[in-house]
Every structure is written in structure tokens, then in C-alpha cells.
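Content type PDB, C-alpha atoms, pLDDT in the B column, from the file my_file26.pdb:
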```pdb
ATOM      1  CA  MET A 526     106.912-171.390   4.944  1.00 50.00           C
ATOM      2  CA  PRO A 527     108.753-171.173   1.596  1.00 61.00           C
ATOM      3  CA  ASP A 528     105.444-171.567  -0.296  1.00 85.00           C
ATOM      4  CA  LEU A 529     103.846-168.877   1.860  1.00 87.00           C
ATOM      5  CA  GLU A 530     106.751-166.509   1.280  1.00 91.00           C
ATOM      6  CA  LEU A 531     106.721-167.239  -2.446  1.00 95.00           C
ATOM      7  CA  ARG A 532     103.034-166.350  -2.636  1.00 95.00           C
ATOM      8  CA  ARG A 533     103.768-163.158  -0.704  1.00 95.00           C
ATOM      9  CA  ILE A 534     106.553-162.315  -3.150  1.00 98.00           C
ATOM     10  CA  HIS A 535     104.330-162.957  -6.179  1.00 98.00           C
ATOM     11  CA  ALA A 536     101.667-160.667  -4.704  1.00 97.00           C
ATOM     12  CA  PHE A 537     104.249-157.955  -4.004  1.00 98.00           C
ATOM     13  CA  VAL A 538     105.688-158.046  -7.532  1.00 98.00           C
ATOM     14  CA  SER A 539     102.224-158.015  -9.081  1.00 98.00           C
ATOM     15  CA  GLU A 540     101.041-155.107  -6.937  1.00 98.00           C
ATOM     16  CA  PHE A 541     104.214-153.142  -7.643  1.00 98.00           C
ATOM     17  CA  ALA A 542     103.622-153.417 -11.396  1.00 98.00           C
ATOM     18  CA  ARG A 543     100.028-152.262 -10.986  1.00 98.00           C
ATOM     19  CA  ARG A 544     100.836-149.334  -8.706  1.00 98.00           C
ATOM     20  CA  GLN A 545     103.543-147.816 -10.872  1.00 97.00           C
ATOM     21  CA  ALA A 546     101.637-148.273 -14.134  1.00 98.00           C
ATOM     22  CA  GLY A 547     100.262-145.355 -16.088  1.00 96.00           C
ATOM     23  CA  LEU A 548      97.409-147.590 -17.269  1.00 97.00           C
ATOM     24  CA  THR A 549      96.355-151.114 -16.258  1.00 98.00           C
ATOM     25  CA  LEU A 550      94.399-153.385 -18.604  1.00 97.00           C
ATOM     26  CA  PRO A 551      93.059-156.495 -16.822  1.00 97.00           C
ATOM     27  CA  PHE A 552      92.348-159.864 -18.422  1.00 95.00           C
ATOM     28  CA  PRO A 553      91.629-163.345 -16.980  1.00 94.00           C
ATOM     29  CA  GLY A 554      94.807-164.501 -15.249  1.00 97.00           C
ATOM     30  CA  GLY A 555      96.707-161.244 -15.393  1.00 98.00           C
ATOM     31  CA  PHE A 556      96.935-157.707 -16.696  1.00 98.00           C
ATOM     32  CA  ALA A 557      98.854-155.444 -19.033  1.00 98.00           C
ATOM     33  CA  VAL A 558     100.594-152.270 -17.902  1.00 98.00           C
ATOM     34  CA  ARG A 559     101.198-149.286 -20.143  1.00 98.00           C
ATOM     35  CA  ASP A 560     102.971-145.967 -19.782  1.00 98.00           C
ATOM     36  CA  ASP A 561     103.241-143.908 -22.943  1.00 96.00           C
ATOM     37  CA  VAL A 562     105.597-141.454 -21.230  1.00 97.00           C
ATOM     38  CA  PHE A 563     108.194-144.245 -21.126  1.00 98.00           C
ATOM     39  CA  ALA A 564     107.284-146.093 -24.303  1.00 97.00           C
ATOM     40  CA  HIS A 565     110.846-147.408 -24.758  1.00 97.00           C
ATOM     41  CA  SER A 566     110.784-149.139 -21.375  1.00 98.00           C
ATOM     42  CA  ARG A 567     109.683-152.752 -21.664  1.00 97.00           C
ATOM     43  CA  GLY A 568     109.206-153.020 -17.911  1.00 97.00           C
ATOM     44  CA  ASN A 569     106.611-150.261 -18.037  1.00 98.00           C
ATOM     45  CA  ASN A 570     104.808-151.685 -21.063  1.00 98.00           C
ATOM     46  CA  GLN A 571     104.264-155.399 -20.699  1.00 98.00           C
ATOM     47  CA  VAL A 572     101.838-158.224 -19.975  1.00 98.00           C
ATOM     48  CA  VAL A 573     102.007-159.709 -16.466  1.00 98.00           C
ATOM     49  CA  VAL A 574     100.526-163.153 -15.753  1.00 98.00           C
ATOM     50  CA  ASP A 575      99.862-163.611 -12.030  1.00 97.00           C
ATOM     51  CA  GLY A 576      97.064-166.214 -12.089  1.00 97.00           C
ATOM     52  CA  ALA A 577      95.564-169.086 -14.048  1.00 96.00           C
ATOM     53  CA  VAL A 578      95.693-168.280 -17.746  1.00 97.00           C
ATOM     54  CA  ASP A 579      95.112-169.985 -21.079  1.00 97.00           C
ATOM     55  CA  PRO A 580      98.655-170.159 -22.556  1.00 97.00           C
ATOM     56  CA  ALA A 581      97.316-170.376 -26.105  1.00 96.00           C
ATOM     57  CA  ALA A 582      95.490-167.069 -25.625  1.00 96.00           C
ATOM     58  CA  LEU A 583      98.555-165.084 -24.533  1.00 97.00           C
ATOM     59  CA  PRO A 584      99.909-164.093 -27.963  1.00 97.00           C
ATOM     60  CA  ALA A 585      96.591-162.519 -28.921  1.00 97.00           C
ATOM     61  CA  LEU A 586      96.284-160.812 -25.544  1.00 96.00           C
ATOM     62  CA  ALA A 587      99.757-159.313 -25.940  1.00 97.00           C
ATOM     63  CA  GLU A 588      98.916-158.109 -29.446  1.00 97.00           C
ATOM     64  CA  GLU A 589      95.791-156.398 -28.196  1.00 96.00           C
ATOM     65  CA  ALA A 590      97.542-154.706 -25.257  1.00 97.00           C
ATOM     66  CA  LEU A 591     100.902-153.851 -26.865  1.00 97.00           C
ATOM     67  CA  GLY A 592     100.113-153.852 -30.573  1.00 93.00           C
ATOM     68  CA  ASP A 593     101.291-150.292 -31.217  1.00 95.00           C
ATOM     69  CA  LEU A 594     104.764-150.990 -29.779  1.00 97.00           C
ATOM     70  CA  PRO A 595     107.748-152.508 -31.634  1.00 96.00           C
ATOM     71  CA  TYR A 596     108.270-155.135 -28.910  1.00 97.00           C
ATOM     72  CA  ARG A 597     106.272-157.585 -26.821  1.00 98.00           C
ATOM     73  CA  LEU A 598     107.141-158.613 -23.252  1.00 98.00           C
ATOM     74  CA  ILE A 599     105.206-161.152 -21.208  1.00 98.00           C
ATOM     75  CA  SER A 600     106.207-161.849 -17.592  1.00 98.00           C
ATOM     76  CA  VAL A 601     104.835-164.965 -15.889  1.00 98.00           C
ATOM     77  CA  LEU A 602     105.291-165.044 -12.127  1.00 98.00           C
ATOM     78  CA  ASP A 603     104.456-168.696 -11.407  1.00 97.00           C
ATOM     79  CA  ASP A 604     107.021-171.307 -12.463  1.00 97.00           C
ATOM     80  CA  ALA A 605     104.575-174.028 -13.550  1.00 97.00           C
ATOM     81  CA  THR A 606     102.440-171.543 -15.480  1.00 97.00           C
ATOM     82  CA  GLY A 607     105.520-170.176 -17.206  1.00 98.00           C
ATOM     83  CA  ALA A 608     106.603-173.644 -18.269  1.00 97.00           C
ATOM     84  CA  ALA A 609     103.124-174.277 -19.697  1.00 98.00           C
ATOM     85  CA  CYS A 610     103.312-171.031 -21.687  1.00 98.00           C
ATOM     86  CA  ALA A 611     106.707-171.783 -23.250  1.00 98.00           C
ATOM     87  CA  GLU A 612     105.582-173.847 -26.243  1.00 98.00           C
ATOM     88  CA  PRO A 613     102.680-171.688 -27.500  1.00 97.00           C
ATOM     89  CA  LEU A 614     104.744-168.527 -27.098  1.00 98.00           C
ATOM     90  CA  ALA A 615     107.729-170.080 -28.896  1.00 98.00           C
ATOM     91  CA  ARG A 616     105.404-170.842 -31.821  1.00 98.00           C
ATOM     92  CA  ALA A 617     104.403-167.173 -31.783  1.00 97.00           C
ATOM     93  CA  GLY A 618     108.040-166.089 -32.109  1.00 98.00           C
ATOM     94  CA  TYR A 619     108.863-165.309 -28.489  1.00 98.00           C
ATOM     95  CA  GLU A 620     112.265-165.909 -26.874  1.00 98.00           C
ATOM     96  CA  HIS A 621     112.154-167.447 -23.402  1.00 98.00           C
ATOM     97  CA  SER A 622     114.312-166.650 -20.370  1.00 98.00           C
ATOM     98  CA  THR A 623     114.042-167.413 -16.664  1.00 98.00           C
ATOM     99  CA  CYS A 624     114.937-165.612 -13.466  1.00 98.00           C
ATOM    100  CA  LEU A 625     115.406-166.860  -9.926  1.00 98.00           C
ATOM    101  CA  ILE A 626     113.502-165.478  -6.982  1.00 98.00           C
ATOM    102  CA  MET A 627     116.161-165.395  -4.271  1.00 98.00           C
ATOM    103  CA  LEU A 628     115.206-165.080  -0.614  1.00 97.00           C
ATOM    104  CA  HIS A 629     117.567-163.721   2.026  1.00 97.00           C
ATOM    105  CA  SER A 630     117.965-165.673   5.232  1.00 90.00           C
ATOM    106  CA  GLY A 631     120.000-164.950   8.308  1.00 87.00           C
ATOM    107  CA  PRO A 632     120.815-161.593   9.887  1.00 90.00           C
ATOM    108  CA  ALA A 633     121.606-158.487   7.903  1.00 91.00           C
ATOM    109  CA  PRO A 634     125.346-157.747   7.641  1.00 91.00           C
ATOM    110  CA  ALA A 635     126.513-155.640  10.548  1.00 88.00           C
ATOM    111  CA  PRO A 636     128.443-152.450   9.759  1.00 85.00           C
ATOM    112  CA  GLY A 637     132.136-152.870  10.375  1.00 76.00           C
ATOM    113  CA  ALA A 638     135.227-150.736  10.719  1.00 62.00           C
ATOM    114  CA  GLY A 639     136.839-150.022   7.370  1.00 71.00           C
ATOM    115  CA  GLN A 640     133.802-151.074   5.356  1.00 83.00           C
ATOM    116  CA  ARG A 641     132.247-148.768   2.823  1.00 92.00           C
ATOM    117  CA  GLU A 642     128.973-147.074   3.688  1.00 91.00           C
ATOM    118  CA  ALA A 643     125.978-146.565   1.411  1.00 97.00           C
ATOM    119  CA  GLU A 644     123.146-144.064   1.772  1.00 97.00           C
ATOM    120  CA  VAL A 645     119.770-143.053   0.398  1.00 98.00           C
ATOM    121  CA  VAL A 646     120.285-140.940  -2.736  1.00 98.00           C
ATOM    122  CA  ASP A 647     118.051-139.066  -5.199  1.00 97.00           C
ATOM    123  CA  LEU A 648     117.519-139.566  -8.895  1.00 97.00           C
ATOM    124  CA  ASP A 649     119.599-136.414  -9.421  1.00 97.00           C
ATOM    125  CA  ASP A 650     122.549-138.271  -7.879  1.00 97.00           C
ATOM    126  CA  LEU A 651     121.965-141.271 -10.147  1.00 98.00           C
ATOM    127  CA  ARG A 652     121.167-139.583 -13.441  1.00 98.00           C
ATOM    128  CA  GLY A 653     124.774-139.243 -14.660  1.00 97.00           C
ATOM    129  CA  PRO A 654     125.963-142.755 -13.696  1.00 97.00           C
ATOM    130  CA  LEU A 655     122.715-144.325 -14.972  1.00 97.00           C
ATOM    131  CA  THR A 656     123.008-142.548 -18.331  1.00 98.00           C
ATOM    132  CA  ARG A 657     126.602-143.685 -18.848  1.00 96.00           C
ATOM    133  CA  ASN A 658     125.751-147.233 -17.786  1.00 97.00           C
ATOM    134  CA  TRP A 659     122.851-147.493 -20.244  1.00 97.00           C
ATOM    135  CA  HIS A 660     124.959-146.079 -23.092  1.00 97.00           C
ATOM    136  CA  ASP A 661     127.616-148.712 -22.337  1.00 96.00           C
ATOM    137  CA  PHE A 662     125.029-151.501 -22.138  1.00 96.00           C
ATOM    138  CA  LEU A 663     123.069-150.378 -25.220  1.00 96.00           C
ATOM    139  CA  PRO A 664     125.646-148.621 -27.422  1.00 97.00           C
ATOM    140  CA  ASP A 665     123.259-148.359 -30.371  1.00 96.00           C
ATOM    141  CA  ALA A 666     120.395-146.848 -28.354  1.00 96.00           C
ATOM    142  CA  GLY A 667     119.426-143.253 -29.062  1.00 96.00           C
ATOM    143  CA  GLU A 668     119.184-140.469 -26.522  1.00 97.00           C
ATOM    144  CA  GLU A 669     115.406-140.803 -26.193  1.00 98.00           C
ATOM    145  CA  VAL A 670     115.635-144.510 -25.384  1.00 98.00           C
ATOM    146  CA  VAL A 671     118.302-143.925 -22.735  1.00 98.00           C
ATOM    147  CA  SER A 672     116.341-141.017 -21.286  1.00 98.00           C
ATOM    148  CA  HIS A 673     113.277-143.233 -20.839  1.00 98.00           C
ATOM    149  CA  LEU A 674     115.350-145.943 -19.146  1.00 98.00           C
ATOM    150  CA  VAL A 675     116.850-143.413 -16.732  1.00 98.00           C
ATOM    151  CA  GLU A 676     113.826-141.276 -15.953  1.00 98.00           C
ATOM    152  CA  ARG A 677     111.428-144.222 -15.469  1.00 98.00           C
ATOM    153  CA  ARG A 678     113.079-144.771 -12.099  1.00 97.00           C
ATOM    154  CA  GLU A 679     111.175-141.824 -10.647  1.00 96.00           C
ATOM    155  CA  ILE A 680     107.754-143.435 -11.116  1.00 97.00           C
ATOM    156  CA  ARG A 681     108.948-146.502  -9.217  1.00 97.00           C
ATOM    157  CA  ARG A 682     108.374-144.393  -6.114  1.00 97.00           C
ATOM    158  CA  ARG A 683     104.651-145.101  -6.379  1.00 96.00           C
ATOM    159  CA  GLY A 684     105.123-148.861  -6.725  1.00 98.00           C
ATOM    160  CA  ALA A 685     105.384-149.626  -2.999  1.00 98.00           C
ATOM    161  CA  GLY A 686     104.681-148.023   0.352  1.00 97.00           C
ATOM    162  CA  VAL A 687     108.360-147.186   0.845  1.00 98.00           C
ATOM    163  CA  VAL A 688     110.807-146.781  -2.054  1.00 98.00           C
ATOM    164  CA  HIS A 689     114.454-145.761  -1.667  1.00 98.00           C
ATOM    165  CA  PHE A 690     117.349-145.422  -4.080  1.00 98.00           C
ATOM    166  CA  ILE A 691     120.532-146.493  -2.300  1.00 98.00           C
ATOM    167  CA  GLY A 692     124.033-145.575  -3.459  1.00 98.00           C
ATOM    168  CA  SER A 693     127.655-145.989  -2.480  1.00 98.00           C
ATOM    169  CA  ARG A 694     129.838-143.050  -3.438  1.00 97.00           C
ATOM    170  CA  ALA A 695     133.349-143.067  -4.867  1.00 96.00           C
ATOM    171  CA  GLU A 696     136.040-140.840  -3.447  1.00 94.00           C
ATOM    172  CA  ASP A 697     135.049-138.010  -5.812  1.00 95.00           C
ATOM    173  CA  GLY A 698     131.471-138.089  -4.486  1.00 95.00           C
ATOM    174  CA  GLU A 699     129.839-139.664  -7.535  1.00 96.00           C
ATOM    175  CA  VAL A 700     127.588-142.669  -6.981  1.00 98.00           C
ATOM    176  CA  ALA A 701     129.622-145.743  -7.927  1.00 98.00           C
ATOM    177  CA  SER A 702     127.040-148.449  -7.156  1.00 98.00           C
ATOM    178  CA  TRP A 703     123.294-148.269  -6.679  1.00 98.00           C
ATOM    179  CA  ALA A 704     120.090-150.252  -6.207  1.00 98.00           C
ATOM    180  CA  ASP A 705     116.386-149.769  -5.559  1.00 98.00           C
ATOM    181  CA  LEU A 706     114.756-150.851  -2.305  1.00 98.00           C
ATOM    182  CA  TYR A 707     110.983-151.395  -2.288  1.00 98.00           C
ATOM    183  CA  MET A 708     109.298-152.103   1.040  1.00 98.00           C
ATOM    184  CA  ASP A 709     105.822-152.904   2.309  1.00 97.00           C
ATOM    185  CA  PRO A 710     106.204-152.965   6.108  1.00 96.00           C
ATOM    186  CA  ALA A 711     102.536-153.958   6.514  1.00 95.00           C
ATOM    187  CA  SER A 712     103.173-157.341   4.869  1.00 95.00           C
ATOM    188  CA  GLY A 713     106.800-157.511   5.986  1.00 96.00           C
ATOM    189  CA  THR A 714     108.103-157.682   2.401  1.00 98.00           C
ATOM    190  CA  ALA A 715     111.104-155.974   0.817  1.00 98.00           C
ATOM    191  CA  GLN A 716     112.608-156.263  -2.671  1.00 98.00           C
ATOM    192  CA  ILE A 717     116.104-155.204  -3.707  1.00 98.00           C
ATOM    193  CA  GLU A 718     116.201-154.444  -7.419  1.00 97.00           C
ATOM    194  CA  ASP A 719     118.663-153.314 -10.120  1.00 97.00           C
ATOM    195  CA  LEU A 720     121.907-153.531  -8.159  1.00 98.00           C
ATOM    196  CA  VAL A 721     124.575-152.141 -10.500  1.00 97.00           C
ATOM    197  CA  THR A 722     128.183-151.024 -10.051  1.00 97.00           C
ATOM    198  CA  SER A 723     129.831-148.742 -12.600  1.00 96.00           C
ATOM    199  CA  GLU A 724     132.563-150.495 -14.551  1.00 92.00           C
ATOM    200  CA  ASP A 725     135.211-148.086 -13.217  1.00 91.00           C
ATOM    201  CA  HIS A 726     134.411-149.029  -9.607  1.00 95.00           C
ATOM    202  CA  VAL A 727     133.961-152.807  -9.578  1.00 94.00           C
ATOM    203  CA  ARG A 728     135.685-154.976  -6.944  1.00 92.00           C
ATOM    204  CA  ARG A 729     136.034-152.102  -4.499  1.00 93.00           C
ATOM    205  CA  GLY A 730     133.264-153.023  -2.082  1.00 95.00           C
ATOM    206  CA  HIS A 731     130.618-150.644  -3.399  1.00 97.00           C
ATOM    207  CA  GLY A 732     128.110-153.355  -4.340  1.00 97.00           C
ATOM    208  CA  ASP A 733     128.506-155.007  -0.945  1.00 96.00           C
ATOM    209  CA  ALA A 734     127.908-151.670   0.761  1.00 97.00           C
ATOM    210  CA  VAL A 735     124.690-151.086  -1.177  1.00 98.00           C
ATOM    211  CA  LEU A 736     123.377-154.602  -0.563  1.00 97.00           C
ATOM    212  CA  ALA A 737     124.236-154.554   3.142  1.00 96.00           C
ATOM    213  CA  THR A 738     122.573-151.168   3.622  1.00 97.00           C
ATOM    214  CA  ALA A 739     119.421-152.319   1.819  1.00 98.00           C
ATOM    215  CA  LEU A 740     119.243-155.437   4.000  1.00 97.00           C
ATOM    216  CA  ARG A 741     119.742-153.458   7.228  1.00 97.00           C
ATOM    217  CA  MET A 742     117.024-150.994   6.223  1.00 97.00           C
ATOM    218  CA  SER A 743     114.676-153.882   5.399  1.00 98.00           C
ATOM    219  CA  VAL A 744     115.235-155.506   8.783  1.00 97.00           C
ATOM    220  CA  ALA A 745     114.771-152.167  10.565  1.00 96.00           C
ATOM    221  CA  ALA A 746     111.419-151.739   8.760  1.00 97.00           C
ATOM    222  CA  GLY A 747     110.247-155.143   9.992  1.00 96.00           C
ATOM    223  CA  CYS A 748     110.503-156.891   6.616  1.00 97.00           C
ATOM    224  CA  GLY A 749     111.127-160.567   7.297  1.00 95.00           C
ATOM    225  CA  THR A 750     110.661-161.507   3.631  1.00 97.00           C
ATOM    226  CA  ARG A 751     113.632-159.981   1.806  1.00 98.00           C
ATOM    227  CA  PHE A 752     114.140-160.972  -1.815  1.00 98.00           C
ATOM    228  CA  LEU A 753     115.609-160.092  -5.170  1.00 98.00           C
ATOM    229  CA  ILE A 754     115.241-161.427  -8.697  1.00 98.00           C
ATOM    230  CA  ALA A 755     118.351-162.564 -10.595  1.00 98.00           C
ATOM    231  CA  GLU A 756     118.826-164.002 -14.067  1.00 97.00           C
ATOM    232  CA  ALA A 757     119.031-167.786 -13.854  1.00 97.00           C
ATOM    233  CA  GLU A 758     121.949-168.077 -16.287  1.00 94.00           C
ATOM    234  CA  ASP A 759     124.074-165.109 -15.207  1.00 94.00           C
ATOM    235  CA  TRP A 760     126.893-164.879 -12.653  1.00 95.00           C
ATOM    236  CA  PRO A 761     125.285-162.490 -10.093  1.00 95.00           C
ATOM    237  CA  ARG A 762     123.146-165.316  -8.710  1.00 97.00           C
ATOM    238  CA  HIS A 763     126.337-166.878  -7.305  1.00 97.00           C
ATOM    239  CA  TRP A 764     127.422-163.530  -5.836  1.00 97.00           C
ATOM    240  CA  TYR A 765     124.063-163.204  -4.081  1.00 97.00           C
ATOM    241  CA  ALA A 766     124.196-166.816  -2.864  1.00 97.00           C
ATOM    242  CA  ARG A 767     127.474-166.086  -1.082  1.00 96.00           C
ATOM    243  CA  ARG A 768     125.691-163.249   0.709  1.00 96.00           C
ATOM    244  CA  GLY A 769     122.842-165.272   2.173  1.00 96.00           C
ATOM    245  CA  PHE A 770     120.320-165.502  -0.678  1.00 97.00           C
ATOM    246  CA  ARG A 771     118.851-168.807  -1.843  1.00 96.00           C
ATOM    247  CA  ALA A 772     116.604-169.576  -4.808  1.00 97.00           C
ATOM    248  CA  VAL A 773     112.999-170.323  -3.807  1.00 96.00           C
ATOM    249  CA  GLY A 774     111.247-170.000  -7.164  1.00 97.00           C
ATOM    250  CA  ARG A 775     111.490-168.994 -10.809  1.00 98.00           C
ATOM    251  CA  THR A 776     109.784-166.428 -12.981  1.00 98.00           C
ATOM    252  CA  HIS A 777     109.569-166.563 -16.780  1.00 98.00           C
ATOM    253  CA  SER A 778     109.960-163.836 -19.388  1.00 98.00           C
ATOM    254  CA  PHE A 779     108.925-164.075 -23.025  1.00 98.00           C
ATOM    255  CA  GLU A 780     110.064-161.381 -25.437  1.00 98.00           C
ATOM    256  CA  ARG A 781     109.566-160.704 -29.116  1.00 97.00           C
ATOM    257  CA  VAL A 782     111.017-157.841 -31.130  1.00 93.00           C
TER
END
```
Please rewrite the model in this file as C-alpha cells.
Amino acid sequence: MPDLELRRIHAFVSEFARRQAGLTLPFPGGFAVRDDVFAHSRGNNQVVVDGAVDPAALPALAEEALGDLPYRLISVLDDATGAACAEPLARAGYEHSTCLIMLHSGPAPAPGAGQREAEVVDLDDLRGPLTRNWHDFLPDAGEEVVSHLVERREIRRRGAGVVHFIGSRAEDGEVASWADLYMDPASGTAQIEDLVTSEDHVRRGHGDAVLATALRMSVAAGCGTRFLIAEAEDWPRHWYARRGFRAVGRTHSFERV
């Protein structure tokens, strides 16, 4: 079953990238996605490898697809393929990082008395907190870069059959923590993505409220495969593990600036 679920997850991630893209450029073993409206967003302008590929050919493929941009990003969904690509891409000047595909098992957290509640919100609710968060994370980024990173969230709505932005509000009504929820009830697959809590509101239960709400909505939609992607070397993977997620695979990212 883990292998079956991993293949389902790979297919979901690949299809999401295709569906939200402004332009898709196929090649043997994968495709490139482009969106000139959000040219500063690496996630919207990258090469995705989702099949058998010649690792030595990837640098040239990335140059052809992304040559007019000041960065290159290559995402490899399969762990073994990513490992095979590491050496030729390192020679081409790419930095390598890995992420864990983490699968949720067990029941969704039940709502309890005294616990915070989260809800579906709009991009209008998120725009202010997202803008401040990106300025804090990328203090040298200009307004246009931050605008692209904020506004790109809207086109994620076309990436899956059901897309929700979920937020937990602080006492003043502003969204304190948020995440995306992408669902394909037909295949029973749901992804929770970009869970962030504003620095002023950490350790107050907002992140737990968002995650629990996303899991309950996934279960209610019939999604038995519930996953997220976390950086392999960062602390959130431990936070997710304590909440019922376990690593079932790895993805690889190669970036050059």
C-alpha cells in the first residue's frame, strides 16, 4: 500500500503543477511549467521530472525552458531518479535539497472544547499577513517580487478539483496561521501545503487549528491519502510527525541562481 499511495501522490503533485501552469512544455520524462505573470515565482516557472529521464540532459533542458529567467529550478518527484540526477546537476552548478513526503495515518483530530477553530478564508483575508511574512522572510526582495509570491496563490485554485485556503484568526480578526488544502475526491487524495503561522502568533494553537481543520475536511471529502511535503532538514517535519504524519518518500530539488 505505501508504494501505491506514493505513486498516487506523485501523480497528484504532477497534475497539480500542470493544471495551474500558464504554459506547459513537455519533454521525455517530464515537463516545464511557465507563467510570465508570476515570473518571480520559482514554483510557477520550473522543470518537473515525473518519469524516466536522462540526468545528463537535464541542464540543457532547463536552459531551453527557463533560459530567459535569472534562476533555474528542477523538481524531481522520484527519490531514485533524484539521486541519479544529483551529480550531473552539481557539475552544472545546481544546489541540491530534499523534501519528505509525509503521509497522515489515523483519524483526523476531533474538535474539542477550548480548542481554536480554523475556517475557509479568501485571498483578501490572507493578503496582508502573506505580504508581511514574505517581507520578513526575504527582507531584500522588492515589492514586485513579494507581490508575485502573494498573488500567485489565486491561480492555485485551478490546480485541483477542490482548493481551499484555511486560516485561524487572532483575537483582532486577522488571520494568524494559514495553509492551502488541495483535494481530488475522485482519487481520494488531499495535500496540505504552505502551513505558516505569523511570528507574532506562534505557540498559541493556531497552526494546530489549521492542520486539524484541513485533516477533518479531507476525511469528510473521502480522501484516504492525506499528505504534505516538508523539508528534510528542517524542524517542522518533527512537528508533523507528532501529529500523525510519517515519511513515505523523498523528492529532490535542484536550484541555480
Neighbour list for segment 770-772 of chain A as a ChimeraX atom specification, cut-off 8 Å, all atoms listed in the file, skip fewer than 3 positions in-chain: /A:625-630,752,765-767,775
Output check: residues returned by the PyMOL selection byres ((chain A and resi 551) around 12), as a ChimeraX atom specification: /A:543,548-550,552-559,571-576,586-587,589-590
Contacts of Gly747 of chain A within 10 Å, only C-alpha atoms, excl. fewer than 4 positions in-chain, as number ranges by chain: A: 708-715, 742-743
Contacts of Pro613 of chain A within 6 Å, only C-alpha atoms, excl. fewer than 3 positions in-chain, as a PyMOL selection string: chain A and resi 581+610+616
Now that the selection is made, can you save its residues with C-alpha atoms as a PDB file, keeping the file's coordinate frame?
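Generated output (again.pdb):
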```pdb
ATOM      1  CA  ALA A 581      97.316-170.376 -26.105  1.00 96.00           C
ATOM      2  CA  CYS A 610     103.312-171.031 -21.687  1.00 98.00           C
ATOM      3  CA  ARG A 616     105.404-170.842 -31.821  1.00 98.00           C
TER       4      ARG A 616
END
```
Selection near segment 730-738 of chain A, 9 Å with all atoms listed in the file, sequence-local residues under 2 positions removed, as JSON, numbers by chain: {"A": [633, 634, 635, 636, 640, 641, 642, 643, 644, 691, 692, 693, 694, 695, 701, 702, 703, 704, 717, 720, 721, 722, 726, 727, 728, 740, 741, 742, 743, 768]}
Residue IDs satisfying the PyMOL selection byres ((chain A and resi 580) around 9), as a list in words: Val578, Asp579, Ala581, Ala582, Leu583, Pro584, Thr606, Gly607, Ala609, Cys610, Ala611, Glu612, Pro613 and Leu614 of chain A
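Atom CA of Gly547 of chain A to atom CA of Pro664 of chain A spans 28.0 Å [interatomic distance, one decimal].
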Atom-to-atom span, atom CA of Asp697 of chain A and atom CA of Asn658 of chain A, Å: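 Atom CA of Asp697 of chain A sits 17.7 Å away from atom CA of Asn658 of chain A.
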Evaluate the PyMOL selection byres ((chain A and resi 778) around 9) and report residues as number ranges by chain: A: 598-602, 607, 620-624, 776-777, 779-780
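As for atom CA of Pro761 of chain A and atom CA of Asp719 of chain A, they are spaced 11.3 Å apart.
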Residues within 12 Å of (104.0, -168.1, -5.3), counting only C-alpha atoms, listed as a list in words: Met526, Pro527, Asp528, Leu529, Glu530, Leu531, Arg532, Arg533, Ile534, His535, Ala536, Phe537, Val538, Ser539, Asp575, Gly576, Val601, Leu602, Asp603, Asp604, Ala605, Thr606, Ile626, Val773, Gly774, Arg775 and Thr776 of chain A
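Nearest residue to Asn570 of chain A among A:Arg729, A:Arg677, A:Arg652, A:His660 is A:Arg677, counting only C-alpha atoms.
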Ref. answer, residues at most 12 Å from (127.0, -141.6, -16.4) with all atoms listed in the file, as a PyMOL selection string: chain A and resi 649-662+671-672+675+699-702+722-725
Given only C-alpha atoms as the counted atoms, nearest of A:Ala585, A:Leu594, A:Val687, A:Leu706 to Ala617 of chain A: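 Of A:Ala585, A:Leu594, A:Val687, A:Leu706, the one nearest Ala617 of chain A is A:Ala585, counting only C-alpha atoms.
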Shortest interatomic distance to Ile754 of chain A - which of A:Arg781, A:Asp560, A:Gln716, A:Arg678, counting only C-alpha atoms: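 Nearest to Ile754 of chain A: A:Gln716.
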Shell around Phe690 of chain A at 6 Å using all atoms listed in the file, local window under 2 positions removed, as a PyMOL selection string: chain A and resi 645-646+704-705
